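A.B. asks: My structure is below; once you've seen it, I'll send some questions.
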Amino acid sequence: MPTFKLNDKEIPFEPGETIIRAAWKQGIEIPHYCWHPGLSVAANCRMCLVEVKSQRPMMLPILKWDAEKQDYVEDTKPKLAPACQQAAAEGMEVSSTSDQVKQAQASVQEFLLLNHPVDCPICDQAGECKLQDYWLDHQKTLKRKQTEPVHKVKGVRFGPTIVYDGERCVMCTRCIRFNDEIVGDPVLDMRERGNTNEIVLSPGRQLDHKYSLMNEHVCPVGALTSRDFRFKARVWFLKAQTSVCSGCATGCNMFVDYDPRDQHVYRLRPRDNEAVNKHWMCDDGMLSYHRYHQERIVTGRVRTNGHLADVKIDVAMREAAALLATVEKSKIGVVLSAQHSSEDNFVLAKLAREKFGTDKLYLAALPGWDGDKILRHNDNNPNRAGATLAAGGPLRTVKDLLADVASGAVEGVIALGWASAEDAVALAPLSRAKVVVSLSSNEGALPNTATVVLPVAVHVEMSGTFVNAKGMAQPFKKAIQAPPGVKSAWETTLDLARAMGLGIDFAKLDDVRRAMPANTPAASNPGAPV
Amino acid sequence: MGKLVNKPKYTMMERAYLPEIARGLGVSMRHFFKNTFSRRSKSEIVTVNYPEEKRIYPDRFRGVHRLTHRDDGSPRCVACLCCSTACPAQCIHIEPAEYDTSDPRYGYERFPKVFVIDELRCIFCGYCVEACPCDAIRMDTGVHVPPSTDRAHFIFDKEVLMSIPGADGTYESENPRHEPGDPSHPGLTRNHGH
């Protein structure tokens, strides 16, 4: 592979690659605003200017301030090139830290902050803002402009998800290019020029496509902010955990941003993975964190006199074990869930096959949604493939279960998860079974038909694995603590087995993963960052 | 191991006890009569009759907190949470909110819906004042937290904090900043068609 030198360090590149991209692949950042690895090159912010060494450099005449003479004197400086547009060439010598470049970076930075309102106390971007970071890295001078800055629109609602602040905008056009190139919906554009430049909506339109929240994440400053996250939390209080989106079968890699003090998730944001989601995520995926905190089941529930009453978890556990003991083991049907991790499904399937000796395994899943060719998969279940793999055999549908319950082939049901394609009316015949034990994190039609409900953790409250539609097994890590007493579904399954007097020997997650069929993350998803 | 103690040597007079007692009482009585019956300016008393009589505090005395006002009486605070980040006692609780779009103060964007300081937990270090980028929180009131036998009285909410004036009796701050919505704001440079 050919190489070039950046600040005396050899950087390999593929022919045709730009300097900034080759450096970015090596983990070296050349300061930039308008360049984004997933978008086309605009080269309008001029922050990435670098000096390309040459035998015959093009020297530009300039006037330089001479402090002794107290006047401008004639001088020259080498012409700098934008690293985002300049293609790398074999043997090229590039500097992003020479005095000329440093001066250019400081000047660009000062220019961008000329009319910036510096309302960082109000701005949600504060703490993760490129203007703040680069001011500290490349400028560190006070404002020289004494006059009133140019005022523009503030707090404009671009749509249901995004708020625009014209004063903070640096006109990098990342949002315009994102909507054009990635979404294919050119809803944003720029108007005017100079310091009255601003981003506007297409006439009669709103920023309301399915990837609108990504605009907040492509914006390097606080010009586009999320209405969902607006004023909810300060980013310096948040910790990020690597995870995988549970919204659909694409399995977008993401960060879970949570506040460790109140164990609350405040937002989900995309994590780069070229093999899966590149740099993007959809709105429904990013907003799916509401499910972690809303309509949660945090206590055990036992059906008494026809309706579910809250009881302590261990009481519900004993009740579930006692009721299941009244049913012949081979007549217990086990419903796996496409919403739960492979580990959860594997342990439950193992209990069914090895301890109950039943092969009556079913799969509950959401019915699907409107997918597209960008990221959204038609199947809105994150782990249908993983659940099928973990079960070690074909799974039947919930409709088959209802038929089996009606025919008397199944008298007891253990159902994992809240999600099912069938609604409460369709699931009503399930109540003919002697006992239905539901292991569920959230409210839903399935837990509502149960005789006993045991609460379990949602996927950000545990470590686990999702297998996406491409068959890539992607691990995710525990971010927040589950509500008190609530454990992950595989641990709850083990507790239930123990309460029934059936032992399965798993002490920790690694034991489960070792016993699982060969869908280990490393083998099938080599490109995934861990 | 024992420790060797050097016992002081007393004279015969000291060991007789009573003469020394009389001498000590004499010193006390001398100060008592001098400070009780001489004029105040010549007195050697360093204590004051608090609370009837109060010391003059230095200008930089850190008293109870206050929240400064804008011209229209709304809080200067924008709920940026810098003070609660800096607070070592973690006694400040803020919940930010946004003015309604129809409110003329919508341009201020952000205000504290809830602003609570637990004055019992506060250690009066003044870091919140240092951290505030808007000159919204101040400790220049020159007064102490009023004593009470009820803990709830020390939980100061936004209304209480905004009702306390500074030592000079005003509620304003030095912050020259004007947001859209302020009468002093120069306004947008041209009409916008949003």
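Every chain in the structure tokens has a letter given in the order shown (A, B, ...), and although residue numbers restart at 1 in each chain, ligands are simply numbered from 1 in the order shown.
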Determine which residues of stretch 91-171 of chain B receive a DSSP assignment of helix (DSSP H, G or I), computed from the backbone, and state them as a list in words.

C.D. replies: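 Restricting stretch 91-171 of chain B to helix (DSSP H, G or I) produces Pro104, Arg105, Tyr106, Gly107, Tyr108, Tyr127, Cys128, Val129, Glu130, Ala131, Arg151, Ala152, His153, Phe154, Lys158, Glu159, Val160, Leu161, Met162 and Ser163 of chain B.
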
A.B. asks: Do a neighbour search on stretch 173-178 of chain B at 12 Å with only C-alpha atoms, toss out local chain neighbours closer than 4 positions, and write the hits as a ChimeraX atom specification.

C.D. replies: /A:117-119,148-149,151 /B:66-73,75-77,105,107-108,132-140,165-166,168-169,182-187

A.B. asks: Restrict the selected residues to C-alpha atoms and save them as an mmCIF file, in the first residue's frame.

C.D. replies:
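Contents of the output file part.cif:
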```cif
data_model
loop_
_atom_site.group_PDB
_atom_site.id
_atom_site.type_symbol
_atom_site.label_atom_id
_atom_site.label_comp_id
_atom_site.auth_asym_id
_atom_site.auth_seq_id
_atom_site.Cartn_x
_atom_site.Cartn_y
_atom_site.Cartn_z
ATOM 1 C CA PRO A 117 -23.408 34.079 20.206
ATOM 2 C CA VAL A 118 -21.332 32.099 22.747
ATOM 3 C CA ASP A 119 -24.544 31.102 24.498
ATOM 4 C CA GLU A 148 -22.718 43.783 18.263
ATOM 5 C CA PRO A 149 -22.696 40.379 16.528
ATOM 6 C CA HIS A 151 -28.325 38.289 15.010
ATOM 7 C CA ARG B 66 -29.849 34.899 45.681
ATOM 8 C CA LEU B 67 -30.972 34.649 42.064
ATOM 9 C CA THR B 68 -30.679 37.859 40.085
ATOM 10 C CA HIS B 69 -33.457 39.217 37.876
ATOM 11 C CA ARG B 70 -33.736 40.405 34.301
ATOM 12 C CA ASP B 71 -35.428 43.720 33.558
ATOM 13 C CA ASP B 72 -38.795 41.987 33.276
ATOM 14 C CA GLY B 73 -38.422 40.250 36.633
ATOM 15 C CA PRO B 75 -34.708 34.877 36.503
ATOM 16 C CA ARG B 76 -31.370 35.645 34.865
ATOM 17 C CA CYS B 77 -30.516 31.972 35.310
ATOM 18 C CA ARG B 105 -39.421 35.374 26.452
ATOM 19 C CA GLY B 107 -35.917 33.875 22.880
ATOM 20 C CA TYR B 108 -34.360 33.415 26.312
ATOM 21 C CA CYS B 132 -22.021 30.926 36.901
ATOM 22 C CA PRO B 133 -21.497 32.241 33.360
ATOM 23 C CA CYS B 134 -24.541 34.513 33.553
ATOM 24 C CA ASP B 135 -23.999 36.254 36.906
ATOM 25 C CA ALA B 136 -27.313 34.727 37.899
ATOM 26 C CA ILE B 137 -26.417 33.305 41.292
ATOM 27 C CA ARG B 138 -24.786 35.541 43.873
ATOM 28 C CA MET B 139 -23.869 35.361 47.551
ATOM 29 C CA ASP B 140 -23.577 39.121 48.072
ATOM 30 C CA PRO B 165 -32.112 41.282 47.430
ATOM 31 C CA GLY B 166 -28.377 41.919 47.347
ATOM 32 C CA ASP B 168 -27.315 47.029 48.040
ATOM 33 C CA GLY B 169 -31.041 46.267 47.970
ATOM 34 C CA ASP B 182 -35.290 41.844 25.857
ATOM 35 C CA PRO B 183 -36.250 45.482 25.141
ATOM 36 C CA SER B 184 -32.521 46.193 24.753
ATOM 37 C CA HIS B 185 -32.016 43.515 22.082
ATOM 38 C CA PRO B 186 -31.070 45.060 18.711
ATOM 39 C CA GLY B 187 -33.281 42.586 16.869
#
```

A.B. asks: Provide as a VMD selection string the residues of chain A at most 8 Å from chain B, counting only C-alpha atoms.

C.D. replies: chain A and resid 121 to 122 150 to 156 231 to 232 234

A.B. asks: Got a sec: who's within 12 Å of stretch 242-245 of chain A, counting only C-alpha atoms, leaving out chain neighbours fewer than 6 positions off, as a PDB file with C-alpha atoms, in the first residue's frame?

C.D. replies:
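What follows is the written file out-v3.pdb:
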```
ATOM      1  CA  GLY A 251     -28.801  -4.082  14.540  1.00  0.00           C
ATOM      2  CA  CYS A 252     -27.304  -0.598  14.307  1.00  0.00           C
ATOM      3  CA  ASN A 253     -24.340  -0.092  16.591  1.00  0.00           C
ATOM      4  CA  MET A 254     -24.973   2.645  19.113  1.00  0.00           C
ATOM      5  CA  PHE A 255     -23.870   4.365  22.265  1.00  0.00           C
ATOM      6  CA  VAL A 256     -26.216   4.416  25.231  1.00  0.00           C
ATOM      7  CA  ASP A 257     -25.783   7.774  26.965  1.00  0.00           C
ATOM      8  CA  TYR A 258     -26.959   7.431  30.538  1.00  0.00           C
ATOM      9  CA  ARG A 267     -30.339   9.327  24.473  1.00  0.00           C
ATOM     10  CA  LEU A 268     -29.055   6.799  21.989  1.00  0.00           C
ATOM     11  CA  ARG A 269     -26.603   7.838  19.310  1.00  0.00           C
ATOM     12  CA  PRO A 270     -24.975   6.012  16.414  1.00  0.00           C
ATOM     13  CA  ARG A 271     -21.635   4.261  16.765  1.00  0.00           C
ATOM     14  CA  ASP A 272     -19.557   3.877  13.604  1.00  0.00           C
ATOM     15  CA  ASN A 273     -19.557   0.431  12.044  1.00  0.00           C
ATOM     16  CA  VAL A 276     -23.678  -2.450   9.607  1.00  0.00           C
ATOM     17  CA  ASN A 277     -24.921   1.108   9.951  1.00  0.00           C
ATOM     18  CA  TRP A 280     -26.219   6.500  10.934  1.00  0.00           C
ATOM     19  CA  MET A 281     -29.312   5.496  12.864  1.00  0.00           C
ATOM     20  CA  CYS A 282     -33.026   6.073  12.296  1.00  0.00           C
ATOM     21  CA  ASP A 283     -35.361   8.165  14.476  1.00  0.00           C
ATOM     22  CA  ASP A 284     -37.392   5.211  15.743  1.00  0.00           C
ATOM     23  CA  GLY A 285     -34.197   3.473  16.799  1.00  0.00           C
ATOM     24  CA  MET A 286     -32.819   6.519  18.564  1.00  0.00           C
ATOM     25  CA  LEU A 287     -36.113   7.143  20.349  1.00  0.00           C
ATOM     26  CA  SER A 288     -36.544   3.498  21.381  1.00  0.00           C
ATOM     27  CA  TYR A 289     -34.855   4.291  24.706  1.00  0.00           C
ATOM     28  CA  GLN A 339     -36.892  -9.055  21.155  1.00  0.00           C
ATOM     29  CA  HIS A 340     -34.603 -10.737  23.671  1.00  0.00           C
ATOM     30  CA  SER A 341     -30.906 -11.559  23.497  1.00  0.00           C
ATOM     31  CA  LEU A 375     -31.072   1.131   7.390  1.00  0.00           C
ATOM     32  CA  ARG A 376     -34.541   0.146   8.471  1.00  0.00           C
ATOM     33  CA  ASN A 380     -38.597  -4.734  13.574  1.00  0.00           C
ATOM     34  CA  ASN A 381     -37.252  -7.461  15.865  1.00  0.00           C
ATOM     35  CA  PRO A 382     -33.558  -7.222  16.715  1.00  0.00           C
ATOM     36  CA  ASN A 383     -32.870 -10.913  17.281  1.00  0.00           C
ATOM     37  CA  VAL A 458     -34.415  -4.694  29.199  1.00  0.00           C
ATOM     38  CA  HIS A 459     -31.388  -5.108  26.961  1.00  0.00           C
ATOM     39  CA  VAL A 460     -29.447  -2.047  28.198  1.00  0.00           C
ATOM     40  CA  GLU A 461     -29.657  -3.421  31.730  1.00  0.00           C
ATOM     41  CA  MET A 462     -27.708  -6.558  30.830  1.00  0.00           C
ATOM     42  CA  SER A 463     -24.916  -7.785  28.593  1.00  0.00           C
ATOM     43  CA  GLY A 464     -25.905 -10.017  25.730  1.00  0.00           C
ATOM     44  CA  THR A 465     -25.873 -10.668  22.005  1.00  0.00           C
ATOM     45  CA  PHE A 466     -28.174  -9.837  19.095  1.00  0.00           C
ATOM     46  CA  VAL A 467     -27.821 -11.596  15.749  1.00  0.00           C
ATOM     47  CA  ASN A 468     -28.920  -9.283  12.961  1.00  0.00           C
ATOM     48  CA  MET A 472     -23.738 -11.045  12.427  1.00  0.00           C
ATOM     49  CA  ALA A 473     -23.684 -11.717  16.150  1.00  0.00           C
ATOM     50  CA  GLN A 474     -23.172  -8.375  17.868  1.00  0.00           C
ATOM     51  CA  PRO A 475     -22.466  -8.176  21.599  1.00  0.00           C
ATOM     52  CA  PHE A 476     -23.770  -5.359  23.757  1.00  0.00           C
ATOM     53  CA  LYS A 477     -22.790  -4.348  27.253  1.00  0.00           C
ATOM     54  CA  LYS A 478     -24.748  -3.488  30.362  1.00  0.00           C
ATOM     55  CA  ALA A 479     -25.294   0.250  30.723  1.00  0.00           C
ATOM     56  CA  ILE A 480     -27.668   0.852  33.619  1.00  0.00           C
ATOM     57  CA  ALA A 528     -17.267  -4.847  14.722  1.00  0.00           C
ATOM     58  CA  PRO A 529     -15.469  -2.576  17.148  1.00  0.00           C
ATOM     59  CA  VAL A 530     -15.688  -4.008  20.646  1.00  0.00           C
TER      60      VAL A 530
END
```

A.B. asks: Could you list, as number ranges by chain, every residue within 10 Å of A:Glu93, counting only C-alpha atoms and ignoring same-chain residues fewer than 5 positions away?

C.D. replies: A: 3-10, 51-54, 88

A.B. asks: Of the candidates B:Ile123, B:Ile92, B:Ala131, B:Val116, which one gets nearest to B:Ile155 if we count only C-alpha atoms?

C.D. replies: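 Among the listed residues, the smallest separation from B:Ile155 belongs to B:Val116.
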
A.B. asks: Compile the contact shell of A:Cys172 as a list in words: residues with an atom at most 9 Å away, counting only C-alpha atoms, same-chain residues fewer than 3 positions apart removed.

C.D. replies: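 Skipping anything fewer than 3 positions along the chain leaves Tyr33, Cys34, Trp35, Ala42, Ala43, Asn44, Cys45, Cys169, Cys175, Ile176, Cys219 and Pro220 of chain A.
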
A.B. asks: Record the distance separating atom CA of A:Asp208 and atom CA of A:Gly247, expressed in Å with one decimal.

C.D. replies: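 Atom CA of A:Asp208 sits 18.7 Å away from atom CA of A:Gly247.
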
A.B. asks: Give me every strand (DSSP E or B) residue in stretch 121-187 of chain A, going by DSSP on the backbone, as a ChimeraX atom specification.

C.D. replies: /A:156-157,162-164

A.B. asks: Extract, using only C-alpha atoms, all DNA, RNA and protein residues at most 8 Å from B:Arg121, discarding same-chain residues fewer than 2 positions from it, and format them as number ranges by chain.

C.D. replies: B: 89-91, 118-119, 123

A.B. asks: Identify, on the basis of only C-alpha atoms, every residue whose closest approach to stretch 17-26 of chain A does not exceed 10 Å; exclude the query and any residue fewer than 5 positions from it along the same chain; express the result as an mmCIF file with C-alpha atoms, in the first residue's frame.

C.D. replies:
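Once written, result_35.cif looks like this:
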```
data_model
loop_
_atom_site.group_PDB
_atom_site.id
_atom_site.type_symbol
_atom_site.label_atom_id
_atom_site.label_comp_id
_atom_site.auth_asym_id
_atom_site.auth_seq_id
_atom_site.Cartn_x
_atom_site.Cartn_y
_atom_site.Cartn_z
ATOM 1 C CA THR A 3 2.177 5.804 1.958
ATOM 2 C CA PHE A 4 2.631 9.491 2.571
ATOM 3 C CA LYS A 5 4.105 11.371 5.487
ATOM 4 C CA LEU A 6 1.879 13.345 7.859
ATOM 5 C CA GLU A 10 3.994 7.259 7.577
ATOM 6 C CA ILE A 11 0.280 7.006 6.664
ATOM 7 C CA PRO A 12 -0.860 4.246 4.293
ATOM 8 C CA PRO A 31 -9.288 19.457 12.624
ATOM 9 C CA HIS A 32 -12.389 19.872 10.486
ATOM 10 C CA TRP A 35 -15.853 17.011 6.381
ATOM 11 C CA HIS A 36 -17.705 13.890 7.517
ATOM 12 C CA PRO A 37 -16.491 10.372 6.711
ATOM 13 C CA VAL A 41 -16.531 16.670 0.305
ATOM 14 C CA CYS A 48 -8.488 21.296 7.651
ATOM 15 C CA LEU A 49 -5.911 23.375 5.761
ATOM 16 C CA VAL A 50 -2.530 21.629 5.692
ATOM 17 C CA PRO A 82 -7.628 21.556 2.287
ATOM 18 C CA ALA A 83 -6.834 18.046 3.558
ATOM 19 C CA CYS A 84 -10.399 16.953 2.885
ATOM 20 C CA GLN A 85 -10.089 17.588 -0.840
ATOM 21 C CA GLN A 86 -6.408 17.045 -1.568
ATOM 22 C CA ALA A 87 -5.820 13.483 -2.744
ATOM 23 C CA ALA A 88 -2.889 11.751 -1.097
ATOM 24 C CA ALA A 89 0.060 10.822 -3.298
ATOM 25 C CA MET A 92 3.911 13.310 -0.213
ATOM 26 C CA VAL A 94 2.178 16.905 4.703
#
```
